[in-house]
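protein_24.txt (compact mmCIF, C-alpha atoms)
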```
# COMPACT_ATOMS: atom_id res chain seq x y z
CA MET S 1 69.22 -32.20 -108.33
CA ASN S 2 68.04 -33.29 -111.70
CA ARG S 3 65.20 -35.71 -111.25
CA ILE S 4 65.45 -37.14 -114.75
CA VAL S 5 69.12 -37.97 -114.37
CA GLY S 6 68.40 -39.27 -110.89
CA CYS S 7 65.84 -41.66 -112.28
CA VAL S 8 68.22 -43.43 -114.61
CA SER S 9 71.16 -44.93 -112.70
CA LEU S 10 70.95 -47.94 -110.36
CA ALA S 11 71.37 -45.80 -107.92
CA THR S 12 67.85 -45.25 -109.12
CA ILE S 13 66.90 -48.00 -111.43
CA ALA S 14 63.55 -47.83 -109.82
CA ALA S 15 61.17 -45.05 -110.74
CA CYS S 16 60.83 -42.14 -108.39
CA SER S 17 57.42 -42.45 -106.82
CA ALA S 18 55.58 -44.27 -104.10
CA PRO S 19 55.79 -48.04 -103.55
CA PRO S 20 52.72 -50.16 -104.02
CA GLN S 21 50.41 -50.26 -101.03
CA GLU S 22 48.76 -53.51 -102.01
CA ARG S 23 50.90 -56.55 -101.69
CA ALA S 24 49.06 -58.98 -103.90
CA HIS S 25 52.32 -60.85 -104.47
CA ASP S 26 52.85 -61.69 -100.81
CA ARG S 27 50.99 -64.96 -101.09
CA LEU S 28 52.73 -66.28 -104.19
CA SER S 29 54.73 -69.46 -104.14
CA PRO S 30 58.38 -69.11 -105.16
CA ASP S 31 58.00 -70.88 -108.50
CA GLU S 32 54.78 -69.21 -109.58
CA ILE S 33 55.07 -67.23 -112.83
CA VAL S 34 53.21 -63.94 -112.58
CA SER S 35 52.93 -60.80 -114.63
CA GLY S 36 54.54 -57.51 -113.64
CA SER S 37 51.09 -56.03 -113.07
CA VAL S 38 50.73 -58.12 -109.90
CA PHE S 39 53.40 -55.94 -108.30
CA LEU S 40 51.69 -52.66 -109.10
CA THR S 41 49.17 -50.63 -107.16
CA ALA S 42 45.47 -51.27 -107.60
CA GLU S 43 45.20 -47.87 -109.33
CA THR S 44 47.79 -48.70 -111.97
CA ARG S 45 46.18 -52.08 -112.56
CA ALA S 46 42.78 -50.41 -112.94
CA LEU S 47 44.24 -47.94 -115.44
CA GLN S 48 45.62 -50.82 -117.49
CA ALA S 49 42.31 -52.70 -117.41
CA ASP S 50 40.23 -49.77 -118.64
CA ASP S 51 40.57 -49.58 -122.43
CA PHE S 52 39.26 -46.03 -122.47
CA ALA S 53 41.59 -44.69 -119.80
CA ASN S 54 44.66 -46.81 -120.68
CA PRO S 55 46.90 -44.38 -122.60
CA GLY S 56 48.46 -47.27 -124.52
CA PHE S 57 45.32 -47.47 -126.62
CA LEU S 58 46.26 -44.21 -128.33
CA TRP S 59 49.06 -46.19 -129.96
CA VAL S 60 46.90 -49.23 -130.61
CA ASP S 61 44.37 -47.04 -132.41
CA ARG S 62 47.02 -45.26 -134.46
CA GLY S 63 48.46 -48.67 -135.30
CA GLU S 64 45.10 -49.86 -136.56
CA ALA S 65 44.88 -46.85 -138.88
CA LEU S 66 48.44 -47.35 -140.14
CA PHE S 67 47.75 -51.02 -140.75
CA SER S 68 45.25 -50.21 -143.47
CA GLU S 69 47.15 -47.24 -144.89
CA ALA S 70 49.13 -48.10 -148.03
CA PRO S 71 52.63 -46.61 -148.22
CA GLN S 72 53.38 -44.91 -151.56
CA THR S 73 55.58 -47.82 -152.55
CA GLY S 74 53.22 -50.76 -152.01
CA PRO S 75 50.07 -52.26 -150.57
CA ALA S 76 48.79 -51.77 -147.02
CA CYS S 77 49.47 -54.41 -144.35
CA VAL S 78 45.77 -55.22 -144.31
CA SER S 79 45.82 -56.32 -147.94
CA CYS S 80 47.86 -59.38 -146.89
CA HIS S 81 46.41 -59.72 -143.39
CA ALA S 82 42.71 -59.15 -143.96
CA ASP S 83 41.82 -61.40 -141.05
CA GLY S 84 44.11 -59.59 -138.64
CA LEU S 85 46.90 -61.16 -136.63
CA ALA S 86 45.13 -62.61 -133.61
CA GLY S 87 47.44 -64.70 -131.43
CA VAL S 88 50.52 -64.08 -133.56
CA ALA S 89 52.45 -61.82 -131.19
CA ALA S 90 52.18 -64.46 -128.45
CA THR S 91 54.46 -66.69 -130.55
CA TYR S 92 57.15 -64.05 -131.09
CA PRO S 93 60.15 -63.75 -131.28
CA ALA S 94 60.14 -66.50 -133.91
CA TYR S 95 62.63 -68.02 -136.31
CA ASP S 96 62.40 -66.73 -139.88
CA SER S 97 63.87 -69.03 -142.50
CA ASP S 98 64.15 -66.28 -145.16
CA THR S 99 66.65 -64.31 -143.15
CA ASP S 100 67.84 -67.23 -141.01
CA THR S 101 67.40 -65.08 -137.93
CA VAL S 102 65.01 -64.82 -135.03
CA LEU S 103 62.69 -61.85 -135.51
CA ASN S 104 60.65 -59.98 -132.96
CA ILE S 105 57.45 -58.19 -133.98
CA GLU S 106 59.33 -54.99 -134.75
CA GLY S 107 61.71 -56.95 -136.97
CA ARG S 108 58.83 -58.71 -138.72
CA ILE S 109 57.10 -55.41 -139.43
CA ASN S 110 60.27 -54.01 -140.97
CA GLN S 111 60.84 -57.18 -142.94
CA CYS S 112 57.31 -56.99 -144.37
CA ARG S 113 57.90 -53.36 -145.25
CA ALA S 114 61.07 -54.24 -147.15
CA LYS S 115 59.79 -57.40 -148.80
CA HIS S 116 56.16 -56.62 -149.57
CA GLN S 117 55.79 -52.88 -149.41
CA GLY S 118 59.08 -51.61 -150.86
CA ALA S 119 59.24 -49.30 -147.88
CA SER S 120 62.09 -48.26 -145.61
CA SER S 121 62.61 -49.60 -142.09
CA LEU S 122 60.87 -47.83 -139.25
CA ASP S 123 63.05 -46.76 -136.34
CA TYR S 124 62.61 -48.22 -132.88
CA GLU S 125 60.57 -45.93 -130.63
CA SER S 126 59.22 -44.04 -133.65
CA ASP S 127 55.54 -43.39 -133.28
CA GLU S 128 54.77 -45.56 -136.33
CA LEU S 129 56.70 -48.62 -135.19
CA LEU S 130 55.41 -48.40 -131.63
CA SER S 131 51.86 -48.02 -132.92
CA LEU S 132 52.01 -50.94 -135.34
CA THR S 133 53.70 -53.13 -132.71
CA ALA S 134 51.11 -52.18 -130.09
CA TYR S 135 48.25 -52.86 -132.50
CA ILE S 136 49.61 -56.30 -133.36
CA ALA S 137 50.54 -57.19 -129.77
CA ASN S 138 47.09 -56.13 -128.57
CA GLN S 139 45.51 -58.68 -130.91
CA SER S 140 47.14 -61.32 -128.72
CA ARG S 141 45.91 -59.86 -125.47
CA GLY S 142 44.84 -62.74 -123.25
CA ALA S 143 46.65 -65.34 -125.36
CA PRO S 144 49.30 -67.40 -123.53
CA VAL S 145 52.90 -66.60 -124.41
CA SER S 146 54.20 -69.58 -126.33
CA VAL S 147 57.43 -69.37 -128.30
CA ASP S 148 59.32 -72.05 -130.20
CA THR S 149 62.88 -72.44 -128.92
CA SER S 150 63.67 -75.62 -130.81
CA GLY S 151 65.74 -76.13 -133.95
CA SER S 152 67.36 -73.01 -135.32
CA ALA S 153 66.03 -70.86 -132.46
CA ARG S 154 67.82 -72.94 -129.84
CA ALA S 155 71.20 -71.27 -130.05
CA VAL S 156 69.57 -67.83 -129.90
CA TYR S 157 67.59 -68.88 -126.82
CA GLU S 158 70.80 -70.07 -125.14
CA GLU S 159 72.46 -66.77 -125.95
CA GLY S 160 69.59 -64.89 -124.35
CA ALA S 161 69.73 -67.11 -121.29
CA ARG S 162 73.44 -66.40 -120.95
CA TYR S 163 72.86 -62.64 -121.14
CA PHE S 164 70.21 -62.94 -118.45
CA ARG S 165 72.56 -64.72 -116.07
CA THR S 166 75.68 -62.62 -116.70
CA ARG S 167 76.66 -60.00 -114.16
CA ARG S 168 77.40 -56.66 -115.79
CA GLY S 169 77.93 -52.97 -115.31
CA GLN S 170 79.71 -51.05 -112.60
CA PHE S 171 77.19 -52.56 -110.16
CA ASN S 172 78.01 -56.03 -111.42
CA LEU S 173 74.46 -57.40 -111.27
CA SER S 174 72.64 -59.81 -113.54
CA CYS S 175 69.01 -59.78 -114.65
CA GLN S 176 68.66 -63.06 -112.80
CA GLN S 177 69.78 -61.64 -109.45
CA CYS S 178 67.04 -59.03 -109.51
CA HIS S 179 64.22 -60.76 -111.36
CA THR S 180 64.60 -64.44 -110.42
CA GLU S 181 66.31 -64.34 -107.04
CA ASN S 182 64.74 -61.23 -105.52
CA TRP S 183 61.35 -60.56 -107.05
CA GLY S 184 58.80 -59.36 -104.53
CA LYS S 185 61.43 -57.41 -102.61
CA ARG S 186 61.61 -53.66 -102.48
CA LEU S 187 64.17 -51.69 -104.43
CA ARG S 188 63.48 -48.30 -102.95
CA GLY S 189 60.03 -47.26 -104.27
CA ASP S 190 59.64 -50.16 -106.69
CA THR S 191 58.83 -53.78 -106.03
CA LEU S 192 60.93 -56.07 -108.19
CA SER S 193 58.78 -58.10 -110.57
CA GLN S 194 59.85 -61.27 -112.30
CA GLY S 195 60.91 -59.23 -115.33
CA HIS S 196 58.56 -60.63 -117.96
CA GLY S 197 58.03 -58.99 -121.33
CA ASN S 198 54.34 -59.90 -121.70
CA GLY S 199 53.14 -56.31 -121.22
CA PHE S 200 55.25 -54.75 -123.98
CA PRO S 201 55.09 -52.46 -125.77
CA ALA S 202 53.87 -50.84 -122.59
CA TYR S 203 52.95 -47.37 -121.41
CA ARG S 204 55.35 -46.36 -118.65
CA LEU S 205 54.32 -43.52 -116.41
CA GLU S 206 57.97 -42.61 -115.96
CA TRP S 207 58.39 -42.34 -119.75
CA GLN S 208 55.06 -40.60 -120.20
CA SER S 209 54.94 -42.69 -123.34
CA MET S 210 54.63 -46.08 -124.88
CA GLY S 211 57.94 -47.90 -125.16
CA SER S 212 59.31 -51.11 -126.59
CA LEU S 213 60.69 -53.99 -124.55
CA HIS S 214 64.15 -52.99 -125.76
CA ARG S 215 63.70 -49.58 -124.16
CA ARG S 216 62.93 -51.32 -120.86
CA LEU S 217 65.99 -53.58 -121.23
CA ARG S 218 68.16 -50.55 -121.91
CA ASP S 219 66.83 -48.94 -118.72
CA CYS S 220 67.70 -52.05 -116.72
CA ASP S 221 71.19 -52.24 -118.24
CA MET S 222 71.83 -48.55 -117.62
CA GLY S 223 70.46 -49.01 -114.12
CA VAL S 224 73.45 -51.17 -113.25
CA ARG S 225 75.67 -48.78 -115.23
CA ALA S 226 76.22 -51.24 -118.05
CA GLU S 227 76.57 -50.02 -121.62
CA PRO S 228 73.11 -50.65 -123.09
CA LEU S 229 72.87 -52.48 -126.43
CA PRO S 230 71.51 -50.61 -129.45
CA TYR S 231 67.78 -50.88 -130.15
CA GLY S 232 67.02 -53.98 -132.18
CA ASP S 233 70.38 -55.58 -131.36
CA PRO S 234 70.28 -59.34 -132.06
CA LEU S 235 71.42 -59.97 -128.51
CA TYR S 236 68.40 -58.09 -127.10
CA ILE S 237 66.19 -60.13 -129.44
CA ALA S 238 67.83 -63.23 -127.97
CA VAL S 239 67.02 -61.94 -124.48
CA GLU S 240 63.48 -61.29 -125.68
CA LEU S 241 63.19 -64.91 -126.83
CA TYR S 242 64.58 -66.17 -123.54
CA LEU S 243 62.17 -63.96 -121.57
CA ALA S 244 59.23 -65.23 -123.61
CA ALA S 245 60.19 -68.86 -123.04
CA ARG S 246 60.64 -68.11 -119.34
CA ALA S 247 57.15 -66.55 -119.30
CA ASP S 248 55.58 -69.54 -121.06
CA GLY S 249 51.82 -69.59 -120.52
CA LEU S 250 51.57 -66.07 -119.13
CA GLU S 251 48.91 -63.97 -120.87
CA VAL S 252 49.94 -61.20 -123.24
CA GLU S 253 48.88 -57.88 -121.71
CA SER S 254 50.01 -55.25 -124.17
CA PRO S 255 49.40 -52.37 -123.84
CA ALA S 256 50.29 -52.76 -120.19
CA VAL S 257 50.63 -49.76 -117.89
CA ARG S 258 53.78 -49.64 -115.78
CA ARG S 259 55.33 -47.23 -113.32
CA MET D 1 102.77 -63.13 -133.68
CA ILE D 2 105.53 -62.46 -131.24
CA TRP D 3 105.01 -58.76 -131.59
CA ARG D 4 101.35 -59.07 -130.92
CA ALA D 5 101.98 -61.19 -127.83
CA LEU D 6 104.50 -58.66 -126.64
CA ALA D 7 102.15 -55.77 -127.23
CA ALA D 8 99.43 -57.61 -125.33
CA GLY D 9 101.87 -58.31 -122.51
CA LEU D 10 102.89 -54.68 -122.34
CA CYS D 11 99.30 -53.64 -122.28
CA LEU D 12 98.60 -55.87 -119.33
CA SER D 13 101.08 -54.03 -117.21
CA ALA D 14 101.03 -50.54 -118.70
CA CYS D 15 97.47 -49.91 -119.88
CA GLY D 16 95.81 -52.54 -117.75
CA ALA D 17 94.64 -50.16 -115.05
CA PRO D 18 90.95 -51.07 -115.34
CA ASN D 19 91.84 -54.71 -114.79
CA SER D 20 94.00 -54.45 -111.71
CA ALA D 21 92.58 -54.62 -108.22
CA LEU D 22 92.42 -51.50 -106.06
CA ILE D 23 92.83 -53.64 -102.95
CA ASP D 24 95.90 -55.83 -102.45
CA GLN D 25 95.32 -59.30 -101.16
CA ASP D 26 97.58 -58.55 -98.17
CA MET D 27 95.22 -55.81 -96.97
CA ILE D 28 92.63 -58.47 -96.25
CA THR D 29 92.50 -60.40 -92.98
CA GLY D 30 89.71 -62.94 -92.85
CA ASP D 31 86.58 -61.05 -93.82
CA SER D 32 87.96 -57.68 -92.94
CA ILE D 33 90.11 -54.77 -94.19
CA GLU D 34 91.59 -53.35 -91.01
CA GLN D 35 93.56 -50.48 -92.52
CA PRO D 36 91.48 -47.39 -93.41
CA LEU D 37 91.67 -46.46 -97.10
CA VAL D 38 92.58 -42.84 -96.32
CA ASN D 39 94.50 -41.28 -93.43
CA ALA D 40 91.91 -38.81 -92.19
CA PRO D 41 89.19 -40.24 -89.90
CA GLY D 42 85.79 -40.81 -91.52
CA ASP D 43 83.04 -38.21 -91.23
CA PRO D 44 79.82 -39.93 -90.09
CA VAL D 45 77.62 -36.96 -91.01
CA ARG D 46 78.83 -36.95 -94.57
CA GLY D 47 78.63 -40.75 -94.48
CA GLN D 48 74.96 -40.64 -93.66
CA ARG D 49 74.35 -38.26 -96.54
CA LEU D 50 76.18 -40.55 -98.96
CA PHE D 51 74.19 -43.49 -97.63
CA VAL D 52 70.96 -41.81 -98.74
CA ASP D 53 72.00 -39.73 -101.75
CA ARG D 54 70.82 -41.09 -105.11
CA ASP D 55 73.95 -39.92 -106.83
CA ALA D 56 76.34 -41.32 -104.24
CA GLY D 57 75.98 -44.57 -102.29
CA HIS D 58 72.19 -44.70 -102.43
CA CYS D 59 72.38 -47.65 -100.04
CA VAL D 60 68.71 -47.14 -99.08
CA LEU D 61 67.89 -48.63 -102.47
CA CYS D 62 68.39 -52.02 -100.82
CA HIS D 63 68.88 -51.37 -97.08
CA GLN D 64 66.88 -49.94 -94.22
CA VAL D 65 68.09 -47.93 -91.24
CA MET D 66 65.50 -47.28 -88.56
CA GLY D 67 64.74 -43.61 -88.02
CA LEU D 68 66.72 -42.49 -91.06
CA ASP D 69 65.04 -39.65 -92.91
CA ALA D 70 64.56 -41.33 -96.30
CA GLU D 71 61.26 -42.64 -97.64
CA PHE D 72 60.75 -46.07 -99.17
CA GLN D 73 63.93 -47.76 -98.04
CA GLY D 74 64.58 -51.06 -99.78
CA ASN D 75 64.61 -54.54 -98.25
CA ILE D 76 66.73 -56.56 -100.65
CA GLY D 77 69.68 -56.37 -98.29
CA PRO D 78 69.69 -56.79 -94.50
CA ASP D 79 68.45 -54.08 -92.13
CA LEU D 80 71.48 -52.02 -91.10
CA SER D 81 69.93 -50.21 -88.12
CA LEU D 82 72.26 -51.98 -85.67
CA VAL D 83 74.99 -53.14 -88.01
CA GLY D 84 77.72 -51.50 -85.92
CA ALA D 85 76.98 -53.90 -83.09
CA ARG D 86 77.37 -56.87 -85.40
CA LEU D 87 80.35 -55.91 -87.55
CA SER D 88 83.69 -54.23 -86.84
CA PRO D 89 84.84 -51.22 -88.91
CA GLY D 90 87.18 -53.54 -90.81
CA GLN D 91 84.35 -55.93 -91.62
CA LEU D 92 82.12 -53.06 -92.70
CA ARG D 93 84.92 -51.74 -94.91
CA LEU D 94 85.40 -55.04 -96.72
CA ARG D 95 81.67 -55.47 -97.27
CA ILE D 96 81.35 -52.05 -98.88
CA VAL D 97 84.63 -52.22 -100.79
CA ASP D 98 84.06 -55.62 -102.38
CA TYR D 99 81.95 -58.17 -100.49
CA GLN D 100 82.34 -60.43 -103.49
CA ILE D 101 85.90 -61.14 -102.31
CA VAL D 102 84.51 -63.30 -99.49
CA ARG D 103 81.02 -64.01 -100.91
CA PRO D 104 81.39 -64.40 -104.67
CA GLY D 105 77.67 -64.81 -105.41
CA THR D 106 76.45 -61.93 -103.28
CA LEU D 107 74.07 -59.32 -104.63
CA MET D 108 75.78 -56.58 -102.62
CA PRO D 109 77.58 -54.37 -105.18
CA SER D 110 81.31 -53.70 -104.87
CA TYR D 111 81.71 -49.98 -104.30
CA TYR D 112 85.50 -49.82 -104.52
CA ARG D 113 86.48 -52.09 -107.34
CA ILE D 114 87.39 -51.70 -111.00
CA HIS D 115 88.65 -55.13 -112.03
CA ASP D 116 86.75 -58.04 -113.58
CA LEU D 117 83.72 -55.99 -114.48
CA HIS D 118 81.90 -56.42 -117.73
CA GLN D 119 80.10 -54.11 -120.19
CA VAL D 120 80.57 -51.09 -117.91
CA GLU D 121 79.15 -47.85 -119.32
CA GLU D 122 81.86 -45.74 -120.91
CA THR D 123 81.29 -42.84 -118.51
CA HIS D 124 81.85 -45.08 -115.49
CA SER D 125 84.60 -47.37 -116.71
CA GLY D 126 87.88 -47.41 -114.84
CA ALA D 127 86.45 -45.72 -111.77
CA PRO D 128 84.97 -47.26 -108.62
CA ILE D 129 81.42 -46.32 -107.60
CA LEU D 130 82.63 -44.51 -104.51
CA SER D 131 85.95 -42.92 -103.59
CA ALA D 132 88.17 -44.16 -100.76
CA ARG D 133 87.08 -41.19 -98.66
CA ASP D 134 83.40 -41.88 -99.34
CA ILE D 135 83.88 -45.44 -98.08
CA GLU D 136 85.56 -44.25 -94.88
CA ASP D 137 82.74 -41.78 -94.22
CA ILE D 138 80.11 -44.48 -94.67
CA VAL D 139 82.06 -46.87 -92.42
CA ALA D 140 82.18 -44.11 -89.79
CA TYR D 141 78.42 -43.66 -90.09
CA LEU D 142 77.61 -47.39 -89.91
CA GLU D 143 80.00 -48.31 -87.11
CA ARG D 144 77.97 -45.97 -84.89
CA ARG D 145 74.73 -47.89 -85.58
CA LYS D 146 74.91 -49.87 -82.35
CA ASP D 147 71.90 -48.89 -80.35
CA VAL D 148 68.26 -48.19 -81.03
CA GLU D 149 68.77 -44.87 -79.24
CA ASP D 150 71.42 -43.68 -81.71
CA ASP D 151 70.00 -40.91 -83.76
CA ALA D 152 69.96 -41.94 -87.36
```
What's the structure tokens form of this structure?
Amino acid sequence: MNRIVGCVSLATIAACSAPPQERAHDRLSPDEIVSGSVFLTAETRALQADDFANPGFLWVDRGEALFSEAPQTGPACVSCHADGLAGVAATYPAYDSDTDTVLNIEGRINQCRAKHQGASSLDYESDELLSLTAYIANQSRGAPVSVDTSGSARAVYEEGARYFRTRRGQFNLSCQQCHTENWGKRLRGDTLSQGHGNGFPAYRLEWQSMGSLHRRLRDCDMGVRAEPLPYGDPLYIAVELYLAARADGLEVESPAVRR
Amino acid sequence: MIWRALAAGLCLSACGAPNSALIDQDMITGDSIEQPLVNAPGDPVRGQRLFVDRDAGHCVLCHQVMGLDAEFQGNIGPDLSLVGARLSPGQLRLRIVDYQIVRPGTLMPSYYRIHDLHQVEETHSGAPILSARDIEDIVAYLERRKDVEDDA
């Protein structure tokens, strides 16, 4: 049987290796908000915590280089952001009045490219976009997630909340049923976390790569045999905003390491 | 206007297959479907395989059966080691077919249902997760889970 195929459907939404031995989450109270790393093995947590061993830092480092590299069509990112972007990613997705939309970090990067660098959009999951996103997200590591869901962002937040609660796919399950009502329980080899986005972009052992939050959401949707939304879809950005508001106060961990 | 309404009406009956229920209301008594979905008796050996197989039922994702040869069985759903002592074949059948009929909010997926689903992946739309025969084989496997001594 094909292991890759086997690892994608709900039938196997969970990755295909051993369950965590440590059960650090056993003592949590039901309304405590905790990061996905709490549900991982001590080894995976240690890998995440070690900046030299954590494979996500390959992308962070490449992102740092790209940040100060000028595209042929305009100035480098660093020429506008000489002081870096500490703490910024913790406030994203955020409403952008220019476009009258809510942008995530990927969207902001592409908007800056269009507006200030005369450059084309980078594709989701391209090495460049993952690297720049990881570099920017990493500058918020340790900062509490804190997004603004008031004013123009409100309707988008509500839309995300609705997506989270809606049952979908051939398995007819919602995000909420797995990540709010059943976190801490075992889904075959995985332990369900609360489904926060604070570790993304994250290095997933199953992907053998860094991946965006949207890639994770697509995996969850396909896991219940629902048609996944396209990368960058406004509805996934709405879910991203809802997840961030739901994770309020949790520390940004990107680049996290996940199973 | 009228034409469009008519076309929509036609579609409901003619091309509405994905929206119509596989199970008639009159097949349900209480919380049970007494009538087997196929004529041949279920095969418990095949049922056990489907119960474990990732590409079939993969029930071990959420359930445990003591002694069953499958690592890392889930615990989101109840332990089914002795479920045959607790539930009749008809009750088992309904729970696997579409438990949401009697427990609308339940997490237990509906394995034999194609109506009222949402955003289903193209490759899976219009088909239930398991076939009628698959369901009968799994029922045959589970109804025998009555005793700790039963081999799993």
Quick one: axis-aligned box around all listed atoms of segment 232-236 of chain S, 3 Å on every side, centre and edge lengths in Å to one decimal, written as lines of an AutoDock Vina configuration file.
```
center_x = 69.2
center_y = -57.0
center_z = -129.6
size_x = 10.4
size_y = 12.0
size_z = 11.1
```
For segment 132-149 of chain S, find every residue with an atom within 9 Å (counting only C-alpha atoms), except residues of its own chain fewer than 5 positions away, and show them as an NGL selection string. :S and (56-57 or 59-67 or 84-95 or 105-106 or 109 or 127 or 154-157 or 198-202 or 210 or 212 or 241-242 or 244-245 or 247-255)
Test item: residues at most 10 Å from segment 121-137 of chain D, all atoms listed in the file, excluding those fewer than 6 positions along its chain, as an MDAnalysis selection string: (chainID S and resid 168:171 221:222 224:228) or (chainID D and resid 16:20 22 36:51 55:57 89 92:94 96:97 109:115)
Please identify every residue of chain D that has at least one atom no more than 7 Å from any atom of chain S, counting only C-alpha atoms, and report them as a count of residues only. 21
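By chain and then residue number, the residues within 12 Å of Asp233 of chain S are S:Thr101, S:Val102, S:Leu103, S:Asn104, S:Glu106, S:Gly107, S:Tyr124, S:Gly160, S:Leu213, S:His214, S:Arg215, S:Leu217, S:Arg218, S:Pro228, S:Leu229, S:Pro230, S:Tyr236, S:Ile237, S:Ala238, S:Val239, S:Glu240, counting all atoms listed in the file and disregarding those fewer than 3 positions away in sequence.
Taking atom CA of Gly74 of chain S and atom CA of Thr99 of chain S as endpoints, the distance between them is 21.0 Å.
For the residues S:Gln117, S:Ser126, S:Ser35, S:Gln176, ranking by smallest atom-to-atom distance to Tyr163 of chain S using all atoms listed in the file places S:Gln176 first.
When atom CA of Arg258 of chain S is paired with atom CA of Asp123 of chain S, their separation reads 22.7 Å.
Coordinates place atom CA of Glu143 of chain D at a distance of 23.2 Å from atom CA of Asp26 of chain D.
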Can you find the residues with an atom no farther than 6 Å from (87.9, -58.1, -97.5), counting all atoms listed in the file, and report them as a list in words? Ile28, Asp31, Ser32, Ile33 and Leu94 of chain D
Quick one: residues within 8 Å of Cys77 of chain S, all atoms listed in the file counted, chain neighbours fewer than 4 positions away excluded, as a list in words? Phe67, Ser68, Glu69, Ala70 and His81 of chain S
Write out the residues from the selection above, keeping C-alpha atoms, as a compact mmCIF listing (two decimals), keeping the file's coordinate frame.
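out.txt, freshly written:
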```txt
# COMPACT_ATOMS: atom_id res chain seq x y z
CA PHE S 67 47.75 -51.02 -140.75
CA SER S 68 45.25 -50.21 -143.47
CA GLU S 69 47.15 -47.24 -144.89
CA ALA S 70 49.13 -48.10 -148.03
CA HIS S 81 46.41 -59.72 -143.39
```
Near-Arg144 of chain D list (9 Å; only C-alpha atoms; drop same-chain fewer than 4 positions) as a PyMOL selection string: chain D and resi 44+82-85+139-140+150
So, counting only C-alpha atoms, which residue among D:Tyr99, D:Gly30, D:Ser81, D:Asp53 is closest to Leu68 of chain D? D:Ser81
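Shortest atom-to-atom contact with Gly90 of chain D among D:Asp147, D:Glu34, D:Asp24, D:Asp116: D:Glu34, counting only C-alpha atoms.
Minimum atom-to-atom distances from S:Ser97, S:Ala46, S:Gly118, S:Gln208 to Gly151 of chain S were compared using only C-alpha atoms, and the lowest value belongs to S:Ser97.
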From (57.6, -42.3, -116.2), in the file's coordinates, out to 9 Å: which residues are reached, counting all atoms listed in the file? Answer as number ranges by chain. S: 15-16, 203-209, 258-259
